[in-house]
>>> print(open('entry29.cif').read())   # mmCIF, C-alpha atoms
data_query
loop_
_atom_site.label_atom_id
_atom_site.label_comp_id
_atom_site.auth_asym_id
_atom_site.auth_seq_id
_atom_site.Cartn_x
_atom_site.Cartn_y
_atom_site.Cartn_z
CA MET A 1 4.10 11.93 28.26
CA LYS A 2 3.18 13.84 25.13
CA ILE A 3 2.21 11.53 22.28
CA LEU A 4 1.92 13.24 18.90
CA ILE A 5 0.32 11.37 15.97
CA ILE A 6 0.74 12.77 12.47
CA GLY A 7 -1.92 11.52 10.05
CA GLY A 8 -5.64 10.88 10.40
CA GLY A 9 -5.93 7.83 8.17
CA MET A 10 -6.50 4.27 9.26
CA GLY A 11 -3.25 3.77 11.15
CA GLY A 12 -3.23 7.09 12.97
CA THR A 13 -6.91 6.91 13.90
CA ILE A 14 -6.81 3.34 15.21
CA LEU A 15 -3.66 4.10 17.18
CA ALA A 16 -5.10 7.26 18.72
CA ASN A 17 -8.28 5.48 19.81
CA ASN A 18 -6.37 2.42 21.03
CA LEU A 19 -4.15 4.63 23.18
CA ALA A 20 -7.03 6.77 24.44
CA ARG A 21 -8.75 3.66 25.78
CA ARG A 22 -5.62 2.14 27.30
CA LEU A 23 -4.54 5.44 28.84
CA SER A 24 -7.93 6.83 29.91
CA THR A 25 -6.75 7.16 33.51
CA GLU A 26 -3.49 8.79 32.53
CA LEU A 27 -5.26 11.20 30.16
CA ARG A 28 -7.59 12.31 32.95
CA SER A 29 -4.74 12.79 35.40
CA GLY A 30 -2.60 14.61 32.88
CA LYS A 31 0.14 11.99 32.98
CA ALA A 32 -0.37 11.47 29.24
CA ARG A 33 -1.54 13.63 26.38
CA ILE A 34 -2.53 12.49 22.88
CA THR A 35 -2.55 14.97 20.00
CA MET A 36 -3.42 14.18 16.40
CA LEU A 37 -2.61 16.43 13.45
CA SER A 38 -4.24 15.78 10.10
CA ALA A 39 -4.52 17.50 6.74
CA SER A 40 -8.28 16.82 6.59
CA ASP A 41 -11.36 17.03 8.78
CA ARG A 42 -12.77 13.98 7.00
CA HIS A 43 -11.78 10.33 7.17
CA LEU A 44 -11.89 8.48 3.87
CA TYR A 45 -12.51 4.73 3.66
CA GLN A 46 -10.09 4.12 0.81
CA PRO A 47 -11.11 0.53 -0.12
CA GLY A 48 -14.54 1.96 -0.95
CA LEU A 49 -13.09 3.80 -3.95
CA LEU A 50 -13.00 0.50 -5.85
CA TYR A 51 -16.79 0.25 -5.58
CA LEU A 52 -17.23 3.94 -6.43
CA ALA A 53 -15.28 3.45 -9.67
CA ILE A 54 -17.68 0.76 -10.91
CA GLY A 55 -20.80 2.53 -9.76
CA ARG A 56 -21.51 0.37 -6.71
CA SER A 57 -21.12 3.13 -4.11
CA THR A 58 -21.58 6.87 -3.73
CA PRO A 59 -19.03 9.36 -2.40
CA ASP A 60 -20.93 10.19 0.78
CA ALA A 61 -20.72 6.56 1.91
CA LEU A 62 -16.93 6.76 2.00
CA TYR A 63 -16.44 9.60 4.45
CA ARG A 64 -16.97 10.30 8.15
CA ASP A 65 -16.17 13.40 10.13
CA GLN A 66 -12.75 12.65 11.60
CA ALA A 67 -13.45 14.20 15.00
CA SER A 68 -16.54 12.03 15.36
CA LEU A 69 -14.37 8.89 15.14
CA LEU A 70 -12.03 9.89 17.96
CA GLU A 71 -12.30 8.96 21.63
CA GLN A 72 -12.67 11.70 24.20
CA GLY A 73 -9.39 13.00 25.41
CA ILE A 74 -7.70 13.08 21.99
CA GLU A 75 -6.79 16.60 20.91
CA PHE A 76 -7.42 16.78 17.19
CA HIS A 77 -6.34 19.59 14.89
CA VAL A 78 -6.72 20.00 11.13
CA ASP A 79 -3.29 21.53 10.68
CA PRO A 80 -0.84 19.54 8.58
CA VAL A 81 2.82 19.37 9.50
CA GLU A 82 5.24 21.25 7.28
CA THR A 83 8.51 20.78 9.13
CA PHE A 84 9.80 17.94 11.27
CA GLN A 85 12.52 18.91 13.75
CA LEU A 86 13.28 15.47 15.09
CA ASP A 87 16.50 16.50 16.87
CA ASN A 88 14.44 18.97 18.90
CA ASN A 89 11.40 16.70 19.31
CA LYS A 90 9.03 19.12 17.65
CA VAL A 91 7.04 19.72 14.48
CA LEU A 92 5.94 22.96 12.85
CA THR A 93 2.58 23.17 11.12
CA LYS A 94 1.04 24.98 8.17
CA GLY A 95 -0.99 27.02 10.66
CA GLY A 96 2.20 28.32 12.24
CA LYS A 97 1.96 26.26 15.41
CA THR A 98 4.70 24.28 17.09
CA TYR A 99 4.00 20.94 18.75
CA ASP A 100 6.61 19.26 20.89
CA TYR A 101 6.45 15.62 21.84
CA ASP A 102 7.95 12.82 23.88
CA VAL A 103 6.81 10.19 21.38
CA LEU A 104 6.07 10.91 17.72
CA VAL A 105 4.15 8.59 15.41
CA ILE A 106 4.22 9.29 11.68
CA ALA A 107 1.24 7.79 9.85
CA THR A 108 0.98 10.02 6.81
CA GLY A 109 0.17 7.37 4.22
CA SER A 110 0.99 7.40 0.52
CA ARG A 111 -0.19 8.90 -2.78
CA MET A 112 -0.28 7.80 -6.37
CA VAL A 113 2.16 9.43 -8.78
CA PRO A 114 1.01 8.56 -12.33
CA GLU A 115 2.76 11.67 -13.64
CA GLU A 116 6.08 9.80 -13.22
CA VAL A 117 5.27 7.69 -16.29
CA LYS A 118 5.13 9.45 -19.65
CA GLY A 119 1.56 9.61 -20.90
CA LEU A 120 -0.03 7.71 -18.01
CA ALA A 121 -1.82 10.46 -16.09
CA GLU A 122 -3.60 11.82 -19.16
CA ASN A 123 -4.46 8.53 -20.84
CA ALA A 124 -5.49 6.15 -18.06
CA GLU A 125 -8.28 5.80 -15.55
CA PHE A 126 -7.52 5.40 -11.84
CA PHE A 127 -9.47 4.69 -8.65
CA TYR A 128 -7.19 5.89 -5.87
CA THR A 129 -8.94 9.21 -5.21
CA GLU A 130 -12.61 10.26 -5.21
CA GLU A 131 -12.05 12.46 -8.24
CA THR A 132 -10.36 9.79 -10.34
CA ALA A 133 -12.79 7.06 -9.25
CA LEU A 134 -15.77 9.19 -10.32
CA LYS A 135 -14.10 9.98 -13.63
CA MET A 136 -13.50 6.26 -14.17
CA MET A 137 -17.13 5.52 -13.33
CA ARG A 138 -18.33 7.95 -15.99
CA ARG A 139 -15.89 6.58 -18.52
CA LEU A 140 -17.09 3.03 -17.85
CA GLN A 141 -20.71 4.10 -18.29
CA GLU A 142 -19.90 5.49 -21.74
CA PHE A 143 -17.71 2.57 -22.80
CA GLN A 144 -19.32 0.38 -25.45
CA GLY A 145 -16.59 -2.16 -26.12
CA GLY A 146 -12.97 -2.73 -27.10
CA ASN A 147 -9.65 -3.57 -25.46
CA VAL A 148 -9.60 -2.89 -21.72
CA VAL A 149 -6.09 -3.06 -20.30
CA VAL A 150 -5.24 -3.13 -16.59
CA THR A 151 -1.66 -2.14 -15.80
CA VAL A 152 0.30 -2.00 -12.54
CA GLY A 153 3.12 0.24 -11.28
CA VAL A 154 5.53 -0.41 -8.41
CA PRO A 155 5.20 0.20 -5.52
CA HIS A 156 1.50 0.67 -4.96
CA LYS A 157 -0.91 0.51 -2.07
CA CYS A 158 -3.60 -2.14 -1.83
CA PRO A 159 -1.80 -5.14 -3.37
CA MET A 160 -5.07 -6.90 -4.21
CA ALA A 161 -6.48 -3.97 -6.16
CA PRO A 162 -5.10 -5.04 -9.57
CA LEU A 163 -6.84 -8.42 -9.33
CA GLU A 164 -10.00 -7.01 -7.77
CA ILE A 165 -10.55 -4.32 -10.38
CA THR A 166 -9.96 -6.85 -13.18
CA PHE A 167 -12.44 -9.38 -11.81
CA MET A 168 -14.96 -6.67 -11.01
CA LEU A 169 -14.63 -5.16 -14.49
CA HIS A 170 -15.31 -8.59 -15.97
CA ASP A 171 -18.56 -8.89 -14.04
CA TYR A 172 -19.44 -5.24 -14.69
CA PHE A 173 -19.29 -5.66 -18.46
CA LYS A 174 -21.16 -8.96 -18.21
CA GLU A 175 -23.94 -7.23 -16.24
CA ARG A 176 -24.15 -4.51 -18.86
CA GLY A 177 -24.49 -7.15 -21.55
CA ILE A 178 -21.37 -6.10 -23.45
CA ALA A 179 -18.93 -8.78 -22.25
CA ASP A 180 -18.72 -10.18 -25.79
CA LYS A 181 -17.57 -6.77 -27.04
CA VAL A 182 -14.82 -6.38 -24.40
CA LYS A 183 -11.36 -7.95 -24.34
CA LEU A 184 -9.77 -7.71 -20.90
CA HIS A 185 -5.96 -7.74 -20.77
CA TYR A 186 -4.16 -7.78 -17.41
CA THR A 187 -0.48 -6.93 -17.05
CA TYR A 188 1.78 -7.41 -14.01
CA PRO A 189 5.42 -6.47 -13.30
CA ILE A 190 6.81 -9.85 -12.20
CA GLY A 191 6.74 -13.35 -13.63
CA ARG A 192 3.29 -14.28 -12.29
CA VAL A 193 -0.07 -12.53 -12.01
CA HIS A 194 0.39 -11.49 -8.38
CA SER A 195 3.23 -10.92 -5.95
CA LEU A 196 1.80 -13.52 -3.54
CA GLU A 197 2.59 -16.89 -5.07
CA ASN A 198 -0.46 -18.69 -3.67
CA VAL A 199 -2.74 -15.87 -4.79
CA ALA A 200 -1.21 -16.02 -8.28
CA LYS A 201 -1.76 -19.80 -8.38
CA TRP A 202 -5.44 -19.21 -7.66
CA ALA A 203 -5.89 -16.15 -9.88
CA ALA A 204 -4.28 -17.33 -13.14
CA PRO A 205 -6.72 -20.24 -13.67
CA GLU A 206 -9.55 -17.84 -12.80
CA PHE A 207 -8.34 -15.52 -15.56
CA ASP A 208 -8.27 -18.49 -17.94
CA ARG A 209 -11.77 -19.54 -16.93
CA LEU A 210 -13.13 -16.04 -17.44
CA GLY A 211 -11.30 -15.46 -20.72
CA ILE A 212 -9.09 -12.68 -19.31
CA LYS A 213 -5.79 -12.46 -21.11
CA TYR A 214 -2.72 -11.76 -18.98
CA GLU A 215 0.86 -10.75 -19.58
CA THR A 216 3.52 -10.97 -16.88
CA PHE A 217 6.97 -9.34 -16.72
CA PHE A 218 5.31 -6.10 -17.80
CA ASN A 219 6.77 -2.94 -16.22
CA ILE A 220 5.15 0.23 -17.55
CA LYS A 221 7.49 2.39 -19.62
CA GLU A 222 5.15 4.86 -21.30
CA VAL A 223 1.71 5.41 -22.75
CA ASP A 224 1.32 6.63 -26.31
CA GLY A 225 -2.02 8.41 -26.18
CA ALA A 226 -2.13 9.20 -29.88
CA LYS A 227 -1.70 5.57 -30.92
CA LYS A 228 -3.45 4.25 -27.79
CA VAL A 229 -0.60 1.91 -27.02
CA LEU A 230 0.92 0.93 -23.66
CA ARG A 231 4.62 0.10 -23.78
CA SER A 232 6.70 -1.88 -21.28
CA GLU A 233 10.35 -1.78 -20.22
CA GLU A 234 10.55 -5.36 -21.50
CA GLY A 235 9.73 -4.21 -25.04
CA SER A 236 6.09 -5.25 -25.21
CA GLU A 237 3.31 -3.12 -26.73
CA VAL A 238 -0.36 -3.48 -25.84
CA PRO A 239 -3.10 -1.57 -27.68
CA PHE A 240 -5.98 -0.25 -25.58
CA ASP A 241 -9.32 1.46 -25.93
CA LEU A 242 -9.64 1.88 -22.17
CA LEU A 243 -6.60 1.82 -19.90
CA VAL A 244 -7.06 1.29 -16.14
CA ALA A 245 -3.92 1.79 -14.08
CA VAL A 246 -2.77 0.99 -10.58
CA PRO A 247 0.06 3.54 -10.71
CA ALA A 248 3.26 3.69 -8.71
CA HIS A 249 3.05 5.48 -5.36
CA ARG A 250 5.23 7.62 -3.13
CA GLY A 251 4.95 8.69 0.48
CA MET A 252 3.56 12.15 1.11
CA GLU A 253 5.51 15.17 -0.12
CA VAL A 254 6.12 16.44 3.42
CA ILE A 255 8.12 13.30 4.15
CA GLU A 256 10.31 13.83 1.08
CA LYS A 257 10.69 17.57 1.67
CA ASN A 258 11.90 16.89 5.22
CA LYS A 259 14.29 14.23 3.94
CA LEU A 260 12.83 11.57 6.23
CA GLY A 261 12.92 8.91 3.53
CA GLN A 262 13.66 8.59 -0.16
CA ASN A 263 10.46 8.76 -2.21
CA GLY A 264 8.63 9.29 1.09
CA TRP A 265 9.39 5.83 2.51
CA ILE A 266 10.78 6.21 6.02
CA PRO A 267 13.40 3.62 7.11
CA THR A 268 11.54 1.69 9.83
CA ASN A 269 12.37 -1.30 11.99
CA LYS A 270 10.06 -4.09 10.80
CA THR A 271 9.24 -5.45 14.27
CA LYS A 272 9.73 -2.54 16.68
CA LEU A 273 8.25 0.01 14.21
CA ASN A 274 10.63 2.77 15.25
CA MET A 275 12.23 5.04 12.67
CA GLU A 276 15.75 3.78 12.13
CA GLY A 277 18.12 5.77 14.31
CA ARG A 278 15.33 7.27 16.43
CA SER A 279 14.09 5.69 19.64
CA ASN A 280 11.13 8.03 20.16
CA VAL A 281 9.81 8.25 16.60
CA TYR A 282 7.57 5.48 15.26
CA VAL A 283 6.18 4.94 11.80
CA ILE A 284 3.11 2.96 10.75
CA GLY A 285 1.12 2.38 7.60
CA ASP A 286 2.11 3.05 4.00
CA THR A 287 4.91 5.48 4.71
CA THR A 288 7.30 2.91 6.20
CA ASN A 289 9.95 1.30 4.01
CA ILE A 290 9.16 -2.12 5.49
CA PRO A 291 8.93 -4.77 2.74
CA ILE A 292 5.28 -5.48 3.51
CA SER A 293 1.93 -4.81 1.87
CA LYS A 294 0.94 -1.17 1.79
CA ALA A 295 -2.57 -1.98 2.99
CA GLY A 296 -5.09 -0.77 5.52
CA SER A 297 -4.85 -3.98 7.50
CA THR A 298 -1.09 -3.56 7.80
CA ALA A 299 -1.63 -0.13 9.32
CA HIS A 300 -4.36 -1.58 11.54
CA PHE A 301 -2.24 -4.37 13.02
CA GLU A 302 0.82 -2.15 13.32
CA ALA A 303 -1.30 0.38 15.21
CA GLU A 304 -2.53 -2.28 17.63
CA THR A 305 1.00 -3.45 18.40
CA LEU A 306 2.31 0.08 18.75
CA GLY A 307 -0.62 1.10 20.94
CA GLU A 308 0.20 -1.70 23.35
CA ASN A 309 3.86 -0.73 23.39
CA ILE A 310 3.37 3.00 23.91
CA ALA A 311 0.80 2.39 26.63
CA ALA A 312 3.32 0.16 28.42
CA MET A 313 5.89 2.95 28.18
CA VAL A 314 3.48 5.36 29.83
CA LYS A 315 2.20 2.99 32.51
CA MET A 316 5.42 1.21 33.41
CA GLY A 317 8.18 3.48 32.21
CA ILE A 318 9.47 0.82 29.80
CA THR A 319 11.70 2.50 27.27
CA THR A 320 11.83 -0.14 24.54
CA PRO A 321 8.89 -1.81 22.77
CA MET A 322 7.60 -4.88 24.62
CA ARG A 323 5.82 -6.58 21.77
CA ASP A 324 7.01 -7.13 18.22
CA TYR A 325 4.85 -6.52 15.17
CA ASP A 326 4.76 -9.93 13.52
CA GLY A 327 3.99 -8.77 9.98
CA LYS A 328 0.31 -9.64 10.14
CA VAL A 329 -1.75 -8.61 7.10
CA PHE A 330 -5.31 -9.54 6.16
CA CYS A 331 -6.63 -8.64 2.73
CA PHE A 332 -10.00 -9.40 1.22
CA ILE A 333 -9.90 -10.21 -2.49
CA GLU A 334 -13.06 -9.45 -4.44
CA ALA A 335 -13.18 -12.02 -7.26
CA GLY A 336 -16.08 -10.37 -9.06
CA LEU A 337 -19.25 -8.57 -8.02
CA ASP A 338 -20.65 -11.41 -5.91
CA ARG A 339 -17.77 -13.56 -4.64
CA ALA A 340 -14.57 -13.05 -2.70
CA THR A 341 -11.75 -14.74 -0.85
CA TYR A 342 -8.99 -13.44 1.43
CA ALA A 343 -5.26 -13.66 2.10
CA MET A 344 -3.94 -13.65 5.66
CA PHE A 345 -0.21 -13.89 6.39
CA ASN A 346 2.65 -12.63 8.51
CA TYR A 347 6.45 -12.65 8.37
CA GLN A 348 6.56 -16.38 9.10
CA ASN A 349 3.49 -17.77 7.35
CA PRO A 350 2.50 -17.22 3.71
CA PRO A 351 -1.16 -16.89 2.72
CA ASP A 352 -3.24 -19.82 1.50
CA PRO A 353 -6.35 -18.34 -0.11
CA LYS A 354 -9.36 -20.62 -0.60
CA ALA A 355 -11.78 -20.59 -3.51
CA PRO A 356 -14.00 -17.47 -3.58
CA THR A 357 -17.45 -17.69 -2.06
CA ARG A 358 -20.54 -15.52 -1.92
CA ALA A 359 -20.36 -15.63 1.88
CA MET A 360 -16.92 -14.03 1.88
CA HIS A 361 -18.15 -11.34 -0.53
CA TRP A 362 -20.97 -10.52 1.87
CA PHE A 363 -18.50 -10.50 4.75
CA LYS A 364 -16.49 -7.91 2.80
CA ALA A 365 -19.65 -5.95 2.08
CA ALA A 366 -20.40 -6.00 5.80
CA TYR A 367 -16.85 -4.94 6.61
CA ASN A 368 -17.25 -1.93 4.29
CA LYS A 369 -19.74 -0.72 6.92
CA LEU A 370 -17.98 -2.23 9.97
CA TYR A 371 -14.76 -0.44 9.03
CA TRP A 372 -15.91 2.55 11.07
CA ALA A 373 -15.83 0.35 14.16
CA SER A 374 -12.24 -0.59 13.29
CA ALA A 375 -11.36 3.08 12.91
CA ARG A 376 -12.74 3.66 16.39
CA GLY A 377 -10.41 0.93 17.65
CA LEU A 378 -13.31 -1.40 18.51
CA LEU A 379 -12.91 -4.14 15.89
CA MET B 1 29.48 7.31 -7.19
CA ALA B 2 27.87 3.84 -7.31
CA GLU B 3 26.16 2.78 -4.10
CA LYS B 4 25.61 -0.65 -2.69
CA LYS B 5 22.21 -1.20 -1.10
CA ILE B 6 20.74 -4.13 0.74
CA ILE B 7 17.06 -5.03 0.48
CA ASP B 8 16.07 -7.36 3.28
CA GLY B 9 13.19 -9.31 1.75
CA ARG B 10 13.28 -12.13 4.31
CA GLY B 11 9.73 -12.86 5.49
CA SER B 12 8.36 -10.62 2.77
CA PHE B 13 5.49 -12.40 1.03
CA CYS B 14 3.75 -9.33 -0.29
CA PRO B 15 4.86 -7.49 -2.26
CA GLY B 16 7.83 -9.86 -2.12
CA PRO B 17 11.57 -9.53 -2.78
CA LEU B 18 11.34 -8.95 -6.53
CA MET B 19 8.69 -6.20 -6.28
CA GLU B 20 10.76 -4.61 -3.49
CA LEU B 21 13.80 -4.70 -5.80
CA ILE B 22 11.82 -3.06 -8.62
CA GLY B 23 10.72 -0.27 -6.28
CA VAL B 24 14.22 0.38 -4.91
CA LEU B 25 15.81 0.26 -8.36
CA LYS B 26 13.56 3.14 -9.39
CA MET B 27 15.13 5.22 -6.60
CA SER B 28 18.68 4.17 -7.54
CA GLN B 29 21.31 5.46 -9.94
CA VAL B 30 22.84 3.59 -12.87
CA GLY B 31 25.73 1.58 -11.51
CA ASP B 32 24.22 1.05 -8.05
CA GLU B 33 24.33 -2.53 -6.80
CA LEU B 34 21.34 -3.92 -4.96
CA GLU B 35 21.66 -7.09 -2.92
CA VAL B 36 18.34 -8.77 -2.17
CA LEU B 37 18.07 -11.11 0.81
CA SER B 38 15.31 -13.67 0.46
CA ASN B 39 14.33 -16.87 2.22
CA ASP B 40 12.21 -17.86 -0.79
CA LYS B 41 14.18 -20.02 -3.21
CA GLY B 42 11.94 -18.81 -6.04
CA SER B 43 13.71 -15.44 -5.81
CA ALA B 44 16.92 -17.04 -7.03
CA LYS B 45 15.13 -17.74 -10.31
CA ASP B 46 12.70 -14.81 -10.51
CA ILE B 47 15.12 -11.97 -9.88
CA PRO B 48 17.82 -12.89 -12.46
CA GLU B 49 15.06 -13.67 -14.98
CA TRP B 50 13.45 -10.25 -14.46
CA ALA B 51 16.82 -8.45 -14.53
CA HIS B 52 17.64 -10.07 -17.88
CA LYS B 53 14.26 -9.18 -19.39
CA VAL B 54 14.43 -5.53 -18.36
CA GLY B 55 18.12 -5.11 -19.15
CA HIS B 56 19.83 -4.90 -15.77
CA GLU B 57 22.90 -6.90 -14.84
CA HIS B 58 22.58 -9.94 -12.63
CA VAL B 59 25.87 -9.84 -10.70
CA SER B 60 25.67 -12.90 -8.45
CA THR B 61 23.53 -15.34 -6.48
CA THR B 62 24.68 -17.15 -3.34
CA GLU B 63 22.87 -19.09 -0.65
CA GLU B 64 23.82 -19.26 2.99
CA ALA B 65 21.83 -20.89 5.80
CA GLY B 66 18.62 -20.84 3.81
CA VAL B 67 18.94 -17.21 2.78
CA TRP B 68 19.55 -16.31 -0.86
CA HIS B 69 21.67 -13.25 -1.65
CA ILE B 70 20.94 -12.04 -5.17
CA THR B 71 22.80 -9.00 -6.46
CA VAL B 72 21.64 -6.87 -9.39
CA ARG B 73 23.39 -3.84 -10.86
CA LYS B 74 21.21 -1.08 -12.33
CA SER B 75 22.28 -0.78 -15.96
CA LYS B 76 19.91 1.80 -17.39
#
>>> encode(input="entry29.cif", output="structure tokens")
Amino acid sequence: MKILIIGGGMGGTILANNLARRLSTELRSGKARITMLSASDRHLYQPGLLYLAIGRSTPDALYRDQASLLEQGIEFHVDPVETFQLDNNKVLTKGGKTYDYDVLVIATGSRMVPEEVKGLAENAEFFYTEETALKMMRRLQEFQGGNVVVTVGVPHKCPMAPLEITFMLHDYFKERGIADKVKLHYTYPIGRVHSLENVAKWAAPEFDRLGIKYETFFNIKEVDGAKKVLRSEEGSEVPFDLLVAVPAHRGMEVIEKNKLGQNGWIPTNKTKLNMEGRSNVYVIGDTTNIPISKAGSTAHFEAETLGENIAAMVKMGITTPMRDYDGKVFCFIEAGLDRATYAMFNYQNPPDPKAPTRAMHWFKAAYNKLYWASARGLL
Amino acid sequence: MAEKKIIDGRGSFCPGPLMELIGVLKMSQVGDELEVLSNDKGSAKDIPEWAHKVGHEHVSTTEEAGVWHITVRKSK
């Protein structure tokens, strides 16, 4: 069985390694073959960009050579897909190659699209790429005081990022000794400070305690760079001296160009993880349209479920997925520079975050290093 | 021509039915109707409230067997 995985991010990498271990015998005998196609020879630990933006990490700490993370037996090529021919069970790549498959897994991730909002790209700071995180870091170093506004677009990956960056900015300015010169203002699109109700119930009093102003029902309409004003669809205007945005996202362009899903979100069964209407195409990670967090842990747990299911197909000839993905997500929430909590939930059980602790912050700090074991499918 | 779309937000805690609606509305045309399914009773309050603030039309809300069906029409 030819298993083709498109995307070398968290989901694709964990899945490939998971399968390579489960199918080591079949790989050796030639009964199974695992191929991964990626646009990059490097693997980026995306949660680390948050720390890079506030000067707590360096770029080199965020990358590993992709090939070095993969189990033996996985054929890896840096050759991004340009065309999906799902009716013919094949893909065509930028390098001019054709790969056919028995099972296809699309794990291409998502990208921020600040250019979709008038004035946002040129007037805000971001932390979703190395380039923008470094730019934000330099801007923060130069910043001497004023209104700092955090604003959030929909949808976006890393649902905790808006809260994390706000809490971390609070501590950052306090450490620099300019907290009394900074007014932090947090905005959020719905009627509470976070989409998760229990997280919002914890976060709002924290904002109050730290003197962080917040405004809910705030959907970004445009940024007036000349007047340094952020405007919302609801008619609100917020002046800023420094604007930090979690912008709206889309799936990758190749998904849109191949008409696999509007805005790059592929219609996906939320428990079986197959592309709607396709029994041999699976989708994991950000690029699904499943109403679930676009988060690394989502991709991780989806990959584990899918790995088990595909391995069962190879070993036992089962044609439909044996195990359902139950919606499991686990997200750390940094509540400053030295304390954190977490939210764990699935389709049946909402999260119930506890008060932040130093111990949880250090656990997150440890996980920033242990992530590479997760990517290898070990943790 | 106006489309009718269904957003199945049952079991969706994060980002949740309202955030899902906001995301799908962005991909929709004026006149499209979006029906959100949610097993969180808070959605029955949150979604019409948000629609009113932003200027979309709240068409209807019904509840059946613990699932709320909230329909919004994109107005702008």
>>> residues_around(input="entry29.cif", residues="segment 43-49 of chain B", least_positions_apart="2", cutoff="8 Å", atoms="only C-alpha atoms", output="ChimeraX atom specification")
/A:190-191 /B:17-18,38,40-41,51-53,58,61,68,70,72
>>> resolve_selection(input="entry29.cif", expression="the PyMOL selection byres ((chain A) within 9 of (chain B))", output="ChimeraX atom specification")
/A:154-155,159,189-191,194-197,217,219,233-235,248,262-263,290-294,327,345-351
>>> residues_around(input="entry29.cif", residues="Tyr101 of chain A", least_positions_apart="4", cutoff="6 Å", atoms="only C-alpha atoms", output="list in words")
Lys2, Ile3, Leu4 and Asn89 of chain A
>>> residues_around(input="entry29.cif", residues="Glu26 of chain A", least_positions_apart="3", cutoff="12 Å", atoms="all atoms listed in the file", output="list in words")
Met1, Lys2, Leu19, Ala20, Arg21, Arg22, Leu23, Ser29, Gly30, Lys31, Ala32, Arg33, Ile34, Gly73, Ala311, Ala312, Met313, Val314, Lys315 and Met316 of chain A
>>> atom_distance(input="entry29.cif", atom1="atom CA of Ser38 of chain A", atom2="atom CA of Ala161 of chain A")
25.7 Å
>>> atom_distance(input="entry29.cif", atom1="atom CA of Ser75 of chain B", atom2="atom CA of Val117 of chain A")
19.0 Å
>>> closest_residue(input="entry29.cif", among="A:Leu210, A:Ile106, A:Ala299, A:Leu370", to="Phe330 of chain A", atoms="all atoms listed in the file")
A:Ala299
>>> residues_around(input="entry29.cif", residues="Gly307 of chain A", least_positions_apart="6", cutoff="9 Å", atoms="all atoms listed in the file", output="list in words")
Ile14, Leu15, Ala16, Asn17, Asn18, Leu19 and Arg22 of chain A
>>> residues_around(input="entry29.cif", residues="segment 75-84 of chain A", least_positions_apart="6", cutoff="9 Å", atoms="only C-alpha atoms", output="PyMOL selection string")
chain A and resi 6-7+33-41+66-67+90-97+254-255+257-258+260
>>> atom_distance(input="entry29.cif", atom1="atom CA of Lys272 of chain A", atom2="atom CA of Ile5 of chain A")
16.8 Å
>>> closest_residue(input="entry29.cif", among="A:Thr187, A:Ser24, A:Asn309, A:Thr129", to="Tyr214 of chain A", atoms="only C-alpha atoms")
A:Thr187
>>> closest_residue(input="entry29.cif", among="A:Gly145, A:Gly9, A:Pro239, A:Pro356", to="Leu69 of chain A", atoms="all atoms listed in the file")
A:Gly9
>>> resolve_selection(input="entry29.cif", expression="the PyMOL selection byres ((chain A and resi 331) around 9)", output="PyMOL selection string")
chain A and resi 158-160+295-297+329-330+332-333+341-344
>>> residues_near_point(input="entry29.cif", point="(0.3, 0.6, 12.9)", cutoff="10 Å", atoms="only C-alpha atoms", output="list in words")
Met10, Gly11, Gly12, Thr13, Ile14, Leu15, Val105, Ile106, Ala107, Leu273, Tyr282, Val283, Ile284, Gly285, Asp286, Thr288, Gly296, Ser297, Thr298, Ala299, His300, Phe301, Glu302, Ala303, Glu304, Thr305, Leu306, Gly307 and Tyr325 of chain A
>>> closest_residue(input="entry29.cif", among="A:Gly109, A:Gly377, A:Pro321, A:Pro267", to="Asn280 of chain A", atoms="all atoms listed in the file")
A:Pro321
>>> closest_residue(input="entry29.cif", among="B:Met1, B:Val59, B:Ile6, B:Ala65", to="Gln29 of chain B", atoms="only C-alpha atoms")
B:Met1
>>> closest_residue(input="entry29.cif", among="B:His56, B:Ala2, B:Glu64, B:Thr71", to="Leu34 of chain B", atoms="all atoms listed in the file")
B:Thr71
>>> resolve_selection(input="entry29.cif", expression="the PyMOL selection byres ((chain A and resi 127) around 12)", output="ChimeraX atom specification")
/A:46-55,111-112,114,124-126,128-139,150,157-158,161-162,164-165,243-247
>>> decode(input="entry29.cif", residues="segment 261-267 of chain A", atoms="N, CA and C atoms", output="tab-separated table (two decimals), in the first residue's frame")
chain	number	residue	atom	x	y	z
A	261	GLY	N	-11.10	23.06	-1.01
A	261	GLY	CA	-11.87	23.61	0.10
A	261	GLY	C	-11.85	25.11	0.04
A	262	GLN	N	-13.01	25.74	0.31
A	262	GLN	CA	-13.08	27.19	0.27
A	262	GLN	C	-12.16	27.77	1.33
A	263	ASN	N	-11.42	28.80	0.94
A	263	ASN	CA	-10.43	29.44	1.81
A	263	ASN	C	-9.37	28.46	2.30
A	264	GLY	N	-9.25	27.32	1.63
A	264	GLY	CA	-8.22	26.35	2.00
A	264	GLY	C	-8.62	25.39	3.09
A	265	TRP	N	-9.88	25.41	3.50
A	265	TRP	CA	-10.37	24.50	4.55
A	265	TRP	C	-11.09	23.34	3.89
A	266	ILE	N	-10.50	22.14	4.01
A	266	ILE	CA	-11.02	20.97	3.31
A	266	ILE	C	-12.14	20.33	4.11
A	267	PRO	N	-13.31	20.11	3.51
A	267	PRO	CA	-14.40	19.43	4.23
A	267	PRO	C	-13.95	18.05	4.70
